[in-house]
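Visitor: Below is the structure I would like to discuss, written out as structure tokens.
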Amino acid sequence: MTSTTVEAPDSLVRTVHIIYALHALGLVLGAFGAASVVGSFLFGWPSIIAVIISYVKRGEARGTWLESHFRWAISTFWIALVWAVLVALVSIPLAIILVGIATWVAGMFLLGLWAIYRIARGWLRLKDHQPMPTAG
């Protein structure tokens with residue numbers, strides 16, 4: 001179990017702020033650009049860079065309260081990718097009868113809201129120097 005009382009270096013806290021900012025930028029670009037929120041989050045450069053930084057830096061956070069934030073950011077990306085694939089696998093065959101268009105739009109919309117929630121929740125808890133819960 002990760003200790004939540006071990007303080008993390010300020011430079012690592014800044015790194016996690018950058019990770020959340022990059023993910024948020026990916027979401028915003030999707031909301032206001034030509035791509036979808038989820039598409040931009042999963043396949044846009046800001047989020048891809050954020051995931052790479054998360055993997056590279058997470059070892060430095062072992063034993064600190066920040067370890068949970070690295071795990072949160074990484075799992076948010078991968079869970080969103082898995083759900084996007086599942087929505088596509090369900091929606092593509094249903095597109096033959098036009099229902100797939102609705103399942104695609106609804107699924108991606110809900111997944112976009114979920115991604116926004118996860119990034120916002122993580123960033124707010126980071127601001128308050130609180131670890132992320134182990135489940136959820």
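Naming scheme: A, B, ... for chains in displayed order of the structure tokens; residues 1 onward per chain; ligands 1 onward as shown.
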Tell me, which residues of chain A carry DSSP alpha helix (DSSP H), written as a PyMOL selection string?
Guide: chain A and resi 10-32+37-43+45-57+67-94+99-127
Visitor: Keeping only C-alpha atoms, write the selected residues as a CSV table (one decimal), in the first residue's frame.
Guide:
```csv
chain,number,residue,atom,x,y,z
A,10,ASP,CA,7.8,20.2,-5.7
A,11,SER,CA,9.3,19.4,-9.1
A,12,LEU,CA,7.3,16.1,-9.3
A,13,VAL,CA,4.1,18.0,-8.2
A,14,ARG,CA,4.7,20.4,-11.1
A,15,THR,CA,5.2,17.4,-13.4
A,16,VAL,CA,1.8,16.0,-12.5
A,17,HIS,CA,0.2,19.4,-13.0
A,18,ILE,CA,1.7,19.4,-16.5
A,19,ILE,CA,0.3,15.9,-17.1
A,20,TYR,CA,-3.2,17.0,-16.1
A,21,ALA,CA,-2.8,20.2,-18.2
A,22,LEU,CA,-1.8,18.2,-21.3
A,23,HIS,CA,-4.8,15.8,-20.8
A,24,ALA,CA,-7.1,18.8,-20.3
A,25,LEU,CA,-5.6,20.4,-23.5
A,26,GLY,CA,-6.4,17.2,-25.4
A,27,LEU,CA,-10.0,17.3,-24.1
A,28,VAL,CA,-10.4,21.0,-24.9
A,29,LEU,CA,-9.0,20.6,-28.4
A,30,GLY,CA,-11.6,17.9,-29.0
A,31,ALA,CA,-14.4,20.0,-27.7
A,32,PHE,CA,-13.6,23.0,-29.8
A,37,VAL,CA,-13.4,15.0,-27.2
A,38,VAL,CA,-12.6,11.3,-26.8
A,39,GLY,CA,-10.7,11.1,-30.2
A,40,SER,CA,-8.6,14.1,-29.3
A,41,PHE,CA,-8.0,12.7,-25.8
A,42,LEU,CA,-6.9,9.3,-27.0
A,43,PHE,CA,-5.1,10.2,-30.2
A,45,TRP,CA,-0.4,14.7,-29.1
A,46,PRO,CA,-1.1,16.4,-25.7
A,47,SER,CA,-2.5,13.2,-24.1
A,48,ILE,CA,0.0,10.9,-25.8
A,49,ILE,CA,2.8,13.1,-24.4
A,50,ALA,CA,1.1,13.1,-21.0
A,51,VAL,CA,0.9,9.3,-20.9
A,52,ILE,CA,4.6,9.0,-21.9
A,53,ILE,CA,5.6,11.5,-19.2
A,54,SER,CA,3.5,9.6,-16.7
A,55,TYR,CA,5.2,6.3,-17.5
A,56,VAL,CA,8.7,7.9,-17.4
A,57,LYS,CA,8.2,9.8,-14.1
A,67,GLU,CA,2.0,7.7,-7.0
A,68,SER,CA,-1.7,7.5,-7.0
A,69,HIS,CA,-2.0,10.5,-9.4
A,70,PHE,CA,0.4,8.8,-11.9
A,71,ARG,CA,-1.7,5.6,-11.7
A,72,TRP,CA,-4.9,7.7,-12.1
A,73,ALA,CA,-3.7,9.5,-15.2
A,74,ILE,CA,-2.4,6.4,-16.8
A,75,SER,CA,-5.5,4.3,-16.1
A,76,THR,CA,-7.8,7.1,-17.3
A,77,PHE,CA,-6.2,7.0,-20.7
A,78,TRP,CA,-6.2,3.2,-21.0
A,79,ILE,CA,-9.7,2.7,-19.7
A,80,ALA,CA,-11.0,5.4,-22.1
A,81,LEU,CA,-9.2,3.6,-25.0
A,82,VAL,CA,-10.7,0.2,-24.1
A,83,TRP,CA,-14.2,1.7,-23.8
A,84,ALA,CA,-13.8,3.6,-27.1
A,85,VAL,CA,-12.9,0.3,-28.8
A,86,LEU,CA,-15.9,-1.4,-27.2
A,87,VAL,CA,-18.2,1.4,-28.4
A,88,ALA,CA,-16.8,1.1,-31.9
A,89,LEU,CA,-17.2,-2.7,-31.9
A,90,VAL,CA,-20.8,-2.5,-30.9
A,91,SER,CA,-21.7,0.5,-33.1
A,92,ILE,CA,-20.1,-0.5,-36.4
A,93,PRO,CA,-22.3,-3.6,-36.9
A,94,LEU,CA,-25.3,-1.7,-35.8
A,99,VAL,CA,-28.8,2.4,-34.8
A,100,GLY,CA,-25.0,2.3,-34.7
A,101,ILE,CA,-24.8,6.0,-35.4
A,102,ALA,CA,-26.8,6.7,-32.2
A,103,THR,CA,-24.8,4.2,-30.1
A,104,TRP,CA,-21.6,5.7,-31.4
A,105,VAL,CA,-22.6,9.3,-30.6
A,106,ALA,CA,-24.1,8.4,-27.2
A,107,GLY,CA,-21.1,6.2,-26.3
A,108,MET,CA,-18.5,8.7,-27.2
A,109,PHE,CA,-20.4,11.6,-25.6
A,110,LEU,CA,-20.6,9.7,-22.3
A,111,LEU,CA,-17.0,8.6,-22.5
A,112,GLY,CA,-16.0,12.2,-23.1
A,113,LEU,CA,-17.9,13.3,-20.0
A,114,TRP,CA,-16.2,10.5,-18.0
A,115,ALA,CA,-12.7,11.6,-19.2
A,116,ILE,CA,-13.4,15.2,-18.3
A,117,TYR,CA,-14.6,14.1,-14.8
A,118,ARG,CA,-11.5,12.0,-14.3
A,119,ILE,CA,-9.1,14.7,-15.3
A,120,ALA,CA,-10.9,17.4,-13.3
A,121,ARG,CA,-11.2,15.2,-10.2
A,122,GLY,CA,-7.5,14.3,-10.3
A,123,TRP,CA,-6.3,17.8,-10.9
A,124,LEU,CA,-8.5,19.2,-8.1
A,125,ARG,CA,-7.2,16.6,-5.6
A,126,LEU,CA,-3.6,17.3,-6.8
A,127,LYS,CA,-4.2,21.0,-6.1
```
Visitor: Could you tell me how far atom CA of Pro131 of chain A sits from atom CA of Gly44 of chain A, in Å to one decimal place?
Guide: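 These atoms are spaced 26.8 Å apart.
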Visitor: My list of candidates is A:Thr134, A:Glu7, A:Asp128, A:Ala95. Which is closest to Gly63 of chain A when distances are computed with only C-alpha atoms?
Guide: A:Glu7
Visitor: Could you check the closest approach to Pro133 of chain A for each of A:Glu60, A:Pro9, A:Leu66, A:Ser36 and tell me which residue wins, using only C-alpha atoms?
Guide: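 Of A:Glu60, A:Pro9, A:Leu66, A:Ser36, the one nearest Pro133 of chain A, counting only C-alpha atoms, is A:Leu66.
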